[in-house]
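Worksheet: the structure to be examined is printed underneath.
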Amino acid sequence: PNNSRVFSLIQPTGKFHIGNYLGAIQSWKTLSETESPGTQYIFGIADLHAITTGVKPAGELRSNRHEAMAGILSCGLNPKKCILFHQSSVPEHAELHWYLTCLTSMGALNRMTQWKSKARQLGDDESDQLKFLEHTKAGLLCYPILQAADILIYRSTHVPVGDDQSQHLEMCRSVAINFNNSYKTNFFPIPQTLLTPSKKILSLRNPLKKMSKSDPDQSSCIYITDAPEVIAKKIRKATTDSVQGPVYFDPEARPGVSNLINILSGVTSQSIEQVVEDLAYVKDHKQFKDHVTDVLVTEFKQQRELFEELMKDGVYLEKVCHEGRDKAREIATKNIEEVRKLIGM
Ligand code: ADP
Ligand code: NA
């Protein structure tokens with residue numbers, strides 16, 4: 001989109017897996033390299049969000065932030081074409097978050113399905129719910145307001161997000177409308193979802209679930225920085241099926257095989273049809289898996305090497321973060337001044 005501001009964050013959870021890559025980071029790269037006059041791209045590491053799920057040792061968070069930035073850069077995000085920064089380095093996010101918190105009802109927060117599903121994990125009866133509320137931190141409940149502040153502090157117009165986030169973006173829109181109505185302004189644009197051709201990648205061992213770093217079976221999850229022999233081992237263990245003969249794409253009947261085809265299509269930017277055509281020579285699952293391994297090892301080679309280099313080059317990483325922070329803050333400080341004026345601060 002021309003003359004727009006595209007915004008997205010990702011949590012610093014350490015290394016990124018191919019689901020994160022094909023579901024988020026790859027589309028950031030594609031977007032920021034598309035010629036679109038007047039459009040600004042702002043992408044960052046959601047380190048403030050990372051502490052909503054509990055206290056971590058400082059060293060762990062610090063190294064996760066570091067790895068996340070190195071991971072984004074190794075995927076080819078170009079700091080000349082987009083702003084790359086750490087959320088916490090722009091304190092205006094937190095300030096706007098407070099103003100928006102004072103405009104948001106507990107009821108609206110309580111209706112968020114991600115919150116509700118967490119609350120239900122303990123059980124459905126009233127005493128279980130009370131126990132949950134007793135121990136759960138307010139930050140987890142207010143998370144969607146911080147997300148709204150992240151987006152609105154830049155007066156963003158477009159947000160590339162997956163389906164799992166669409167309810168949160170809906171909340172962001174209603175917070176923006178609420179602010180505009182409350183302070184009789186149209187300061188905040190109402191941000192739109194930017195649909196990108198991102199893919200949903202499934203767990204290798206249980207292709208009925210999505211690939212996730214929190215999967216207890218770590219062979220279900222391929223990290224973009226995994227060594228070739230690790231990739232080979234995980235692919236060998238991937239669940240397929242007992243259908244003989246050449247592979248074909250049928251997500252319902254053949255979820256495991258189709259997931260691997262989908263991964264091939266994502267990393268090579270080829271259509272599913274093209275990938276299946278290239279696999280016509282395959283006679284059995286072993287040959288298919290060797291093919292998948294070869295493609296992944298080759299496609300991620302450059303990323304893996306760049307990641308390792310970046311992890312050693314703290315000075316460069318720091319420079320990228322500082323430049324990103326300065327550019328982001330320039331926008332954020334201007335906007336927060338307007339917000340303060342509107343509120344009367
Ligand atoms: P995880 O499930 O591993 O904890 P996150 O929830 O931190 O991953 O997701 C970070 C980003 O990566 C989000 O944009 C999310 O939509 C995307 N993502 C995560 N897992 C997948 C997946 N299996 N397939 C596609 N996208 C994914
Ligand atoms: Na998740």
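Chain identifiers are assigned as A, B, and so on, following the order in which chains appear in the structure tokens; residues are numbered from 1 within each chain, and ligands are numbered from 1 in order of appearance.
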So which residues are near ligand 1, meaning at most 7 Å away with only C-alpha atoms and all ligand atoms counted, given back as a VMD selection string?
chain A and resid 10 to 11 13 19 to 24 161 to 162 164 199 to 203 210 to 214
For A:His97, find every residue with an atom within 9 Å (counting only C-alpha atoms), except residues of its own chain fewer than 2 positions away, and show them as a PyMOL selection string.
chain A and resi 92-95+99-102+145-150
Surrounding residues of A:Ile177 excluding itself and chain neighbours under 3 positions, 8 Å, only C-alpha atoms, as a list of chain:residue names:
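Counting only the stated atoms, we get A:Arg173, A:Ser174, A:Asn180, A:Asn181, A:Phe188, A:Ile190.
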Give me the residues within 12 Å of A:Ser166 as an NGL selection string, counting only C-alpha atoms and dropping any in the same chain fewer than 3 places off.
:A and (112-114 or 144 or 147 or 159-163 or 169-173 or 191-195)
Selection export as a PDB file, in the first residue's frame, atoms kept: N, CA and C atoms:
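Once everything was written out, this is selection_10.pdb:
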```pdb
ATOM      1  N   MET A 112     -11.450 -11.390  25.639  1.00  0.00           N
ATOM      2  CA  MET A 112     -10.430 -11.837  24.690  1.00  0.00           C
ATOM      3  C   MET A 112     -10.269 -13.354  24.790  1.00  0.00           C
ATOM      4  N   THR A 113     -10.371 -14.026  23.657  1.00  0.00           N
ATOM      5  CA  THR A 113     -10.361 -15.501  23.728  1.00  0.00           C
ATOM      6  C   THR A 113      -9.034 -16.062  24.251  1.00  0.00           C
ATOM      7  N   GLN A 114      -7.933 -15.373  23.929  1.00  0.00           N
ATOM      8  CA  GLN A 114      -6.648 -15.912  24.417  1.00  0.00           C
ATOM      9  C   GLN A 114      -6.602 -15.866  25.942  1.00  0.00           C
ATOM     10  N   PRO A 144      -3.397  -6.953  25.367  1.00  0.00           N
ATOM     11  CA  PRO A 144      -3.937  -6.395  24.125  1.00  0.00           C
ATOM     12  C   PRO A 144      -3.950  -4.858  24.085  1.00  0.00           C
ATOM     13  N   GLN A 147      -0.563  -3.910  23.033  1.00  0.00           N
ATOM     14  CA  GLN A 147      -0.472  -4.159  21.595  1.00  0.00           C
ATOM     15  C   GLN A 147      -1.114  -3.014  20.798  1.00  0.00           C
ATOM     16  N   VAL A 159      -1.420  -3.517   9.608  1.00  0.00           N
ATOM     17  CA  VAL A 159      -0.730  -4.448  10.490  1.00  0.00           C
ATOM     18  C   VAL A 159      -0.803  -5.860   9.912  1.00  0.00           C
ATOM     19  N   PRO A 160       0.347  -6.408   9.501  1.00  0.00           N
ATOM     20  CA  PRO A 160       0.317  -7.801   9.040  1.00  0.00           C
ATOM     21  C   PRO A 160       0.261  -8.729  10.254  1.00  0.00           C
ATOM     22  N   VAL A 161      -0.829  -9.442  10.413  1.00  0.00           N
ATOM     23  CA  VAL A 161      -0.937 -10.382  11.541  1.00  0.00           C
ATOM     24  C   VAL A 161      -1.586 -11.685  11.087  1.00  0.00           C
ATOM     25  N   GLY A 162      -1.320 -12.733  11.836  1.00  0.00           N
ATOM     26  CA  GLY A 162      -1.972 -14.019  11.580  1.00  0.00           C
ATOM     27  C   GLY A 162      -3.375 -14.044  12.166  1.00  0.00           C
ATOM     28  N   ASP A 163      -4.147 -15.085  11.812  1.00  0.00           N
ATOM     29  CA  ASP A 163      -5.542 -15.189  12.304  1.00  0.00           C
ATOM     30  C   ASP A 163      -5.599 -15.141  13.821  1.00  0.00           C
ATOM     31  N   LEU A 169      -6.353  -7.277  17.069  1.00  0.00           N
ATOM     32  CA  LEU A 169      -6.356  -6.120  16.176  1.00  0.00           C
ATOM     33  C   LEU A 169      -7.730  -5.442  16.193  1.00  0.00           C
ATOM     34  N   GLU A 170      -8.761  -6.264  16.321  1.00  0.00           N
ATOM     35  CA  GLU A 170     -10.113  -5.729  16.451  1.00  0.00           C
ATOM     36  C   GLU A 170     -10.194  -4.837  17.691  1.00  0.00           C
ATOM     37  N   MET A 171      -9.580  -5.301  18.761  1.00  0.00           N
ATOM     38  CA  MET A 171      -9.563  -4.502  19.988  1.00  0.00           C
ATOM     39  C   MET A 171      -8.802  -3.197  19.770  1.00  0.00           C
ATOM     40  N   CYS A 172      -7.707  -3.278  19.050  1.00  0.00           N
ATOM     41  CA  CYS A 172      -6.928  -2.077  18.753  1.00  0.00           C
ATOM     42  C   CYS A 172      -7.784  -1.056  18.008  1.00  0.00           C
ATOM     43  N   ARG A 173      -8.561  -1.547  17.058  1.00  0.00           N
ATOM     44  CA  ARG A 173      -9.447  -0.642  16.311  1.00  0.00           C
ATOM     45  C   ARG A 173     -10.459   0.004  17.246  1.00  0.00           C
ATOM     46  N   PRO A 191      -6.437   1.171  12.161  1.00  0.00           N
ATOM     47  CA  PRO A 191      -5.532   0.285  11.412  1.00  0.00           C
ATOM     48  C   PRO A 191      -6.241  -0.924  10.799  1.00  0.00           C
ATOM     49  N   GLN A 192      -5.769  -1.274   9.626  1.00  0.00           N
ATOM     50  CA  GLN A 192      -6.350  -2.415   8.909  1.00  0.00           C
ATOM     51  C   GLN A 192      -5.416  -3.623   8.972  1.00  0.00           C
ATOM     52  N   THR A 193      -6.019  -4.786   8.904  1.00  0.00           N
ATOM     53  CA  THR A 193      -5.227  -6.007   8.801  1.00  0.00           C
ATOM     54  C   THR A 193      -4.633  -6.065   7.398  1.00  0.00           C
ATOM     55  N   LEU A 194      -3.369  -6.377   7.334  1.00  0.00           N
ATOM     56  CA  LEU A 194      -2.742  -6.538   6.040  1.00  0.00           C
ATOM     57  C   LEU A 194      -2.617  -8.022   5.784  1.00  0.00           C
ATOM     58  N   LEU A 195      -3.402  -8.498   4.839  1.00  0.00           N
ATOM     59  CA  LEU A 195      -3.337  -9.930   4.564  1.00  0.00           C
ATOM     60  C   LEU A 195      -2.108 -10.215   3.719  1.00  0.00           C
TER      61      LEU A 195
END
```
Separation of atom CA of A:Thr34 from atom CA of A:Asn2, in Å and rounded to one decimal:
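These two atoms are separated by 10.2 Å.
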Using only C-alpha atoms, which residues sit within 10 Å of A:Asp215 once same-chain residues fewer than 6 positions away are excluded, as a PDB file with C-alpha atoms, in the first residue's frame?
```
ATOM      1  CA  SER A 203       4.174 -29.565  14.004  1.00  0.00           C
ATOM      2  CA  ARG A 205       5.521 -34.920  14.781  1.00  0.00           C
ATOM      3  CA  ASN A 206       1.859 -34.028  15.203  1.00  0.00           C
ATOM      4  CA  LYS A 209      -1.149 -28.897  15.797  1.00  0.00           C
ATOM      5  CA  CYS A 221      10.124 -27.757  15.479  1.00  0.00           C
TER       6      CYS A 221
END
```
